[in-house]
Each structure stands twice: as C-alpha cells, then as structure tokens.
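Remarks on the structure that follows.
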Amino acid sequence: MKLLILPGDGIGPEIMPEVKKIALWFKAQGVAFELDEEPYGIPCWKAHGTLMPEAIWQKILEADAILFGATGSPEYEALPAEARRVDYLLKMRRDLDLYTNLRPIRLIPGMEDASTLRPEVLQGTDMVLVRELTGGLYFGEPRGIERAGDGTGRGFNTLSYTTREVERIAREAFELARTRDGRVCNVDKSNVLETFMFWRQTVIDLHRREYPDIELTHMYVDNCAMQLVRRPAQFDVLVTENLFGDILSDCAAMVAGSLGMLPSASLGPTDSTGRRRALYEPIHGSAPDIAGRGIANPCGAILSFALCLRHTFKAPGQALRLEAAVEQVIAKGLRTADIAQPGARIASTQEMGAAILAALEFPLAPESTLA
C-alpha cells in the first residue's frame, strides 16, 4: 500500500513530523506500506512555483491513503488570482470521491477539565459524526458572485442532493451503527428547505427497506447543535450533509476538550479489488495564529493515523494500541497549550509526540495504575 504525507500549511508542517515518526514505528512493527511525503499549499508554491505540480497530483491519485496536515494561510492572498482558483483539498475530495467523512468524538479519561462542559454532562459520550463530503453547497452549481452596474451585487450557491448521494451516506451510517449501539440520528433542516425534505424521506425509505434493525431518529440541525452541548451522550451515530457536518463537528469538539484532539477519515467507495482510497486529517485547520511556535497539539493528527490503521491497513488491534498510547499520555497529565489548565506546564508539539511514541514502546501493563 502507498501512504502519502502532505503536511500542508500553518501548523501542518509542525504536527505531521510527529505522525510520521509514529507511522514509521508501526511500519517497523510489520504494518506494510510504502511511505512518501510531498509539500502542499504555500510550501509547495515556494518549492515549485505552483500549488499543485502534476507529479504530486499523480502521487495523490495513486495513493491508497493520504495523511493530510492542514490548509489555509494569509500568504495565499499574495498569490496570483489564477493560482488560487482551485481549492485542491476540495478537488481531492471530489476527484477521489471521498464521500464519507467519519468524525469520532468521545471523552478521553482525564480530559474533563479541558472542556467548558461540566463533567457530568460529558460522561458516557462516545459518538461518530458521519458527514457527506462531496455534495451540497460546497460543490453545487451554479455558484458565484454577480456585480450590478449600480455597485450592488449578489452571491449565490446551490444546495442539492440526489437519491444516490443521500442513500450512500445514510448506508454508511446504518452499517456503522450495526457495529456500535445500533442507533442513527439523521440531522437535517426539513422543516424549511425542500432539499432536506427530500433528504429525510430518502433516509426513511432506505431505513425501511434495508435497516429495520437500526433505531432511526431525526433532529433539526439547530436543535442538534444545542443538544450536543446539553446532553452529548444521547448520540451514537449522527448522519448529516456537508455544511452541517462541518459546523456540528466543531461544536462537538467541546466534548473532547479541543479541536486539536479530533481526528477524521474521508473514505471513498470500495472498488472491485476491495481498495478504498482515503484521506486522514485532524479537523483543527491550519491555525496560522500559532504556526511556527511549536505549541500545536498533534493528537488529532496522530489519532487520524489510528483511523488509517483501522480503515486502510485493516489493523484494528494496532489502531487500539495507538489510541491507548494517546490515552496513557493524557492520563499522565501531559498537555499542549490548547488543553492545559491555567498555570499548568505546557508541553510542546514535539514533547507530546515523543511521549506518545514512548507509550507505544513501553505501554503500561493492564494492572498498572496511572499517576
């Protein structure tokens, strides 16, 4: 298998070296893959004079899995308009057909004090948000900005979903629920928008035909945002469209204590050989305000590699091993700036990565207790 690292912009080049060390550790343990790395975004522009050389795009197309850091930088504004015309992350999602975005959200023991939510509200939270990733407003046509002669104008985007698009993401949610607690909550805005009237009915029809064993409920997106901070433990699997999934997962990050803790997996369809191309990335973005300071939290990116172990390399035991190493480090009290209490010692990006690697090398025995 081919694994490609694209560190990207902002804090991406700071967190991804920590992920690379861990990936190479698992390779040494027998997880078989070829590892390659290429610049992306502003570093790619500085190296090649273009945001996406054909040679790198070809590697993206050939990769079984991509470990992605982040995209976004104020430096993009200085680039020629033509160079900025294509959003290559969206192009990857669309061209690789990465329609399923999985965002697991749970409370890691010891992280209660990092959240603004009360510990009793957080207890028992373990959910997965299933976000449709290649449709909706992010990709709909027509779209654009029109200017009138009098100086006024309008901006417009198109929201639409087809039966195929809704059914395949709903099927992912139902299949996932069968491996968990057997509950799916569909999130939409069907009380206002025709697109979501269609979305909800399509989900209901699929559920009736193929998944009567799964408990299906429905919730409007505005209520869901409130419920995520009111009683997050009520959810098992949430399924929703592209824009809502983007917003709700950031809201749900308070369960984990920080955006820096949350991983994601973007998965394409399974082909005739059983291959399913994938992109793994933390959900926190490029964070240009802290880039270059060595204080970014690498846990979301490291846990994204755990998802890679699970979904691409079919090594669930190794994925659990990595997740346990992260939990061990958190339980021992090591904290980056985003999850530390005021006055506490702050660990650097490299210190956190090194501690997780050490926890892999020397895991605590099951009977051990954490200090």
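Just so we're on the same page: first chain in the structure tokens is A, next is B, and so on; residues restart at 1 for each chain, and ligands are numbered from 1 in the order they show up.
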Which residues are close to segment 332-334 of chain A, i.e. within 9 Å by only C-alpha atoms, leaving aside same-chain residues fewer than 3 positions away? Reply as a VMD selection string. chain A and resid 110 327 to 329 340 345 to 347 351 to 352 355 370 to 371
Exercise: Gly257 of chain A partners within 7 Å, only C-alpha atoms, chain neighbours under 5 positions left out, as a VMD selection string: chain A and resid 111 114 to 115 339
Written selection (C-alpha atoms) as a PDB file, in the first residue's frame:
ATOM      1  CA  MET A 111      -9.701  15.399  29.694  1.00  0.00           C
ATOM      2  CA  ALA A 114     -10.186  20.744  29.265  1.00  0.00           C
ATOM      3  CA  SER A 115     -13.830  21.125  28.268  1.00  0.00           C
ATOM      4  CA  ILE A 339      -5.885  21.510  26.605  1.00  0.00           C
TER       5      ILE A 339
END
Can you pull out the residues contacting segment 173-186 of chain A? Cut-off 10 Å, using only C-alpha atoms, and skip same-chain residues under 5 positions away; I want them as a PyMOL selection string. chain A and resi 100+102+126-131+167-168+199-200+203-204+206-207+210-221+224+234-241
Export of the given selection (C-alpha atoms) as a CSV table (one decimal), in the first residue's frame:
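Final file, result-v7.csv:
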chain,number,residue,atom,x,y,z
A,100,THR,CA,-17.8,9.6,3.6
A,102,LEU,CA,-16.1,10.0,9.8
A,126,ASP,CA,-19.0,8.3,22.5
A,127,MET,CA,-20.4,9.2,19.1
A,128,VAL,CA,-19.4,9.3,15.4
A,129,LEU,CA,-20.5,12.0,13.1
A,130,VAL,CA,-20.9,10.8,9.6
A,131,ARG,CA,-20.7,13.8,7.2
A,167,GLU,CA,-28.5,6.8,0.2
A,168,ARG,CA,-24.8,6.0,0.1
A,199,TRP,CA,-33.1,14.1,2.2
A,200,ARG,CA,-35.1,12.9,5.2
A,203,VAL,CA,-33.2,8.2,4.6
A,204,ILE,CA,-36.6,7.0,5.9
A,206,LEU,CA,-33.7,3.3,2.9
A,207,HIS,CA,-34.1,2.5,6.6
A,210,GLU,CA,-32.7,-2.3,4.4
A,211,TYR,CA,-32.1,-1.4,8.0
A,212,PRO,CA,-35.2,-2.0,10.1
A,213,ASP,CA,-32.9,-3.4,12.9
A,214,ILE,CA,-31.4,0.1,13.4
A,215,GLU,CA,-33.2,2.7,15.6
A,216,LEU,CA,-33.6,5.8,13.4
A,217,THR,CA,-34.5,9.2,14.8
A,218,HIS,CA,-34.5,12.7,13.3
A,219,MET,CA,-33.4,16.1,14.5
A,220,TYR,CA,-33.3,19.6,13.1
A,221,VAL,CA,-29.7,20.9,12.8
A,224,CYS,CA,-28.8,19.2,17.3
A,234,GLN,CA,-27.5,10.7,23.9
A,235,PHE,CA,-26.0,10.2,20.4
A,236,ASP,CA,-24.4,7.1,18.9
A,237,VAL,CA,-24.2,7.8,15.1
A,238,LEU,CA,-25.1,11.1,13.6
A,239,VAL,CA,-25.5,11.5,9.9
A,240,THR,CA,-25.8,14.8,8.1
A,241,GLU,CA,-24.9,16.8,5.0
Those of segment 146-220 of chain A in DSSP helix (DSSP H, G or I), formatted as a VMD selection string: chain A and resid 163 to 178 194 to 210
Output N, CA and C atoms of each residue in that selection to a file, as an mmCIF file, in the first residue's frame.
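Written output follows (part_32.cif):
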data_model
loop_
_atom_site.group_PDB
_atom_site.id
_atom_site.type_symbol
_atom_site.label_atom_id
_atom_site.label_comp_id
_atom_site.auth_asym_id
_atom_site.auth_seq_id
_atom_site.Cartn_x
_atom_site.Cartn_y
_atom_site.Cartn_z
ATOM 1 N N THR A 163 -30.765 11.119 -4.969
ATOM 2 C CA THR A 163 -31.074 9.881 -4.245
ATOM 3 C C THR A 163 -29.805 9.093 -3.963
ATOM 4 N N ARG A 164 -28.949 8.951 -4.977
ATOM 5 C CA ARG A 164 -27.704 8.183 -4.810
ATOM 6 C C ARG A 164 -26.829 8.780 -3.723
ATOM 7 N N GLU A 165 -26.685 10.107 -3.712
ATOM 8 C CA GLU A 165 -25.812 10.745 -2.732
ATOM 9 C C GLU A 165 -26.328 10.548 -1.311
ATOM 10 N N VAL A 166 -27.634 10.682 -1.126
ATOM 11 C CA VAL A 166 -28.205 10.531 0.211
ATOM 12 C C VAL A 166 -28.147 9.074 0.663
ATOM 13 N N GLU A 167 -28.502 8.168 -0.234
ATOM 14 C CA GLU A 167 -28.543 6.760 0.158
ATOM 15 C C GLU A 167 -27.169 6.227 0.536
ATOM 16 N N ARG A 168 -26.144 6.626 -0.197
ATOM 17 C CA ARG A 168 -24.849 6.020 0.099
ATOM 18 C C ARG A 168 -24.266 6.526 1.407
ATOM 19 N N ILE A 169 -24.527 7.786 1.783
ATOM 20 C CA ILE A 169 -24.014 8.250 3.073
ATOM 21 C C ILE A 169 -24.871 7.712 4.213
ATOM 22 N N ALA A 170 -26.175 7.596 3.983
ATOM 23 C CA ALA A 170 -27.041 7.010 5.010
ATOM 24 C C ALA A 170 -26.696 5.542 5.222
ATOM 25 N N ARG A 171 -26.364 4.835 4.149
ATOM 26 C CA ARG A 171 -25.976 3.430 4.266
ATOM 27 C C ARG A 171 -24.696 3.291 5.107
ATOM 28 N N GLU A 172 -23.753 4.214 4.919
ATOM 29 C CA GLU A 172 -22.539 4.198 5.746
ATOM 30 C C GLU A 172 -22.895 4.336 7.224
ATOM 31 N N ALA A 173 -23.825 5.224 7.527
ATOM 32 C CA ALA A 173 -24.215 5.450 8.920
ATOM 33 C C ALA A 173 -24.913 4.225 9.506
ATOM 34 N N PHE A 174 -25.809 3.628 8.739
ATOM 35 C CA PHE A 174 -26.515 2.448 9.228
ATOM 36 C C PHE A 174 -25.560 1.272 9.439
ATOM 37 N N GLU A 175 -24.639 1.069 8.497
ATOM 38 C CA GLU A 175 -23.681 -0.028 8.632
ATOM 39 C C GLU A 175 -22.775 0.196 9.846
ATOM 40 N N LEU A 176 -22.360 1.434 10.065
ATOM 41 C CA LEU A 176 -21.532 1.747 11.232
ATOM 42 C C LEU A 176 -22.304 1.490 12.516
ATOM 43 N N ALA A 177 -23.569 1.884 12.533
ATOM 44 C CA ALA A 177 -24.390 1.695 13.733
ATOM 45 C C ALA A 177 -24.519 0.220 14.091
ATOM 46 N N ARG A 178 -24.504 -0.659 13.098
ATOM 47 C CA ARG A 178 -24.588 -2.098 13.360
ATOM 48 C C ARG A 178 -23.367 -2.616 14.130
ATOM 49 N N GLU A 194 -36.590 22.385 0.953
ATOM 50 C CA GLU A 194 -37.040 21.235 0.174
ATOM 51 C C GLU A 194 -35.951 20.178 0.009
ATOM 52 N N THR A 195 -34.703 20.619 -0.135
ATOM 53 C CA THR A 195 -33.603 19.658 -0.256
ATOM 54 C C THR A 195 -33.606 18.691 0.909
ATOM 55 N N PHE A 196 -33.900 19.195 2.102
ATOM 56 C CA PHE A 196 -33.856 18.331 3.280
ATOM 57 C C PHE A 196 -35.166 17.581 3.516
ATOM 58 N N MET A 197 -36.260 18.073 2.945
ATOM 59 C CA MET A 197 -37.462 17.245 2.912
ATOM 60 C C MET A 197 -37.173 15.984 2.107
ATOM 61 N N PHE A 198 -36.502 16.169 0.963
ATOM 62 C CA PHE A 198 -36.111 15.044 0.116
ATOM 63 C C PHE A 198 -35.087 14.170 0.835
ATOM 64 N N TRP A 199 -34.089 14.804 1.460
ATOM 65 C CA TRP A 199 -33.052 14.072 2.195
ATOM 66 C C TRP A 199 -33.685 13.167 3.241
ATOM 67 N N ARG A 200 -34.568 13.722 4.088
ATOM 68 C CA ARG A 200 -35.150 12.942 5.185
ATOM 69 C C ARG A 200 -35.977 11.779 4.655
ATOM 70 N N GLN A 201 -36.801 12.020 3.644
ATOM 71 C CA GLN A 201 -37.642 10.955 3.118
ATOM 72 C C GLN A 201 -36.803 9.841 2.497
ATOM 73 N N THR A 202 -35.695 10.220 1.853
ATOM 74 C CA THR A 202 -34.805 9.217 1.270
ATOM 75 C C THR A 202 -34.175 8.352 2.352
ATOM 76 N N VAL A 203 -33.766 8.969 3.459
ATOM 77 C CA VAL A 203 -33.209 8.215 4.586
ATOM 78 C C VAL A 203 -34.260 7.280 5.174
ATOM 79 N N ILE A 204 -35.485 7.772 5.325
ATOM 80 C CA ILE A 204 -36.574 6.951 5.879
ATOM 81 C C ILE A 204 -36.855 5.749 4.984
ATOM 82 N N ASP A 205 -36.898 5.975 3.678
ATOM 83 C CA ASP A 205 -37.182 4.889 2.744
ATOM 84 C C ASP A 205 -36.097 3.818 2.779
ATOM 85 N N LEU A 206 -34.810 4.252 2.814
ATOM 86 C CA LEU A 206 -33.712 3.299 2.877
ATOM 87 C C LEU A 206 -33.765 2.511 4.183
ATOM 88 N N HIS A 207 -34.034 3.185 5.265
ATOM 89 C CA HIS A 207 -34.130 2.528 6.569
ATOM 90 C C HIS A 207 -35.223 1.459 6.557
ATOM 91 N N ARG A 208 -36.356 1.788 5.992
ATOM 92 C CA ARG A 208 -37.481 0.854 5.953
ATOM 93 C C ARG A 208 -37.150 -0.374 5.115
ATOM 94 N N ARG A 209 -36.442 -0.166 3.997
ATOM 95 C CA ARG A 209 -36.132 -1.273 3.085
ATOM 96 C C ARG A 209 -35.021 -2.182 3.596
ATOM 97 N N GLU A 210 -33.942 -1.558 4.146
ATOM 98 C CA GLU A 210 -32.720 -2.325 4.379
ATOM 99 C C GLU A 210 -32.243 -2.386 5.827
#
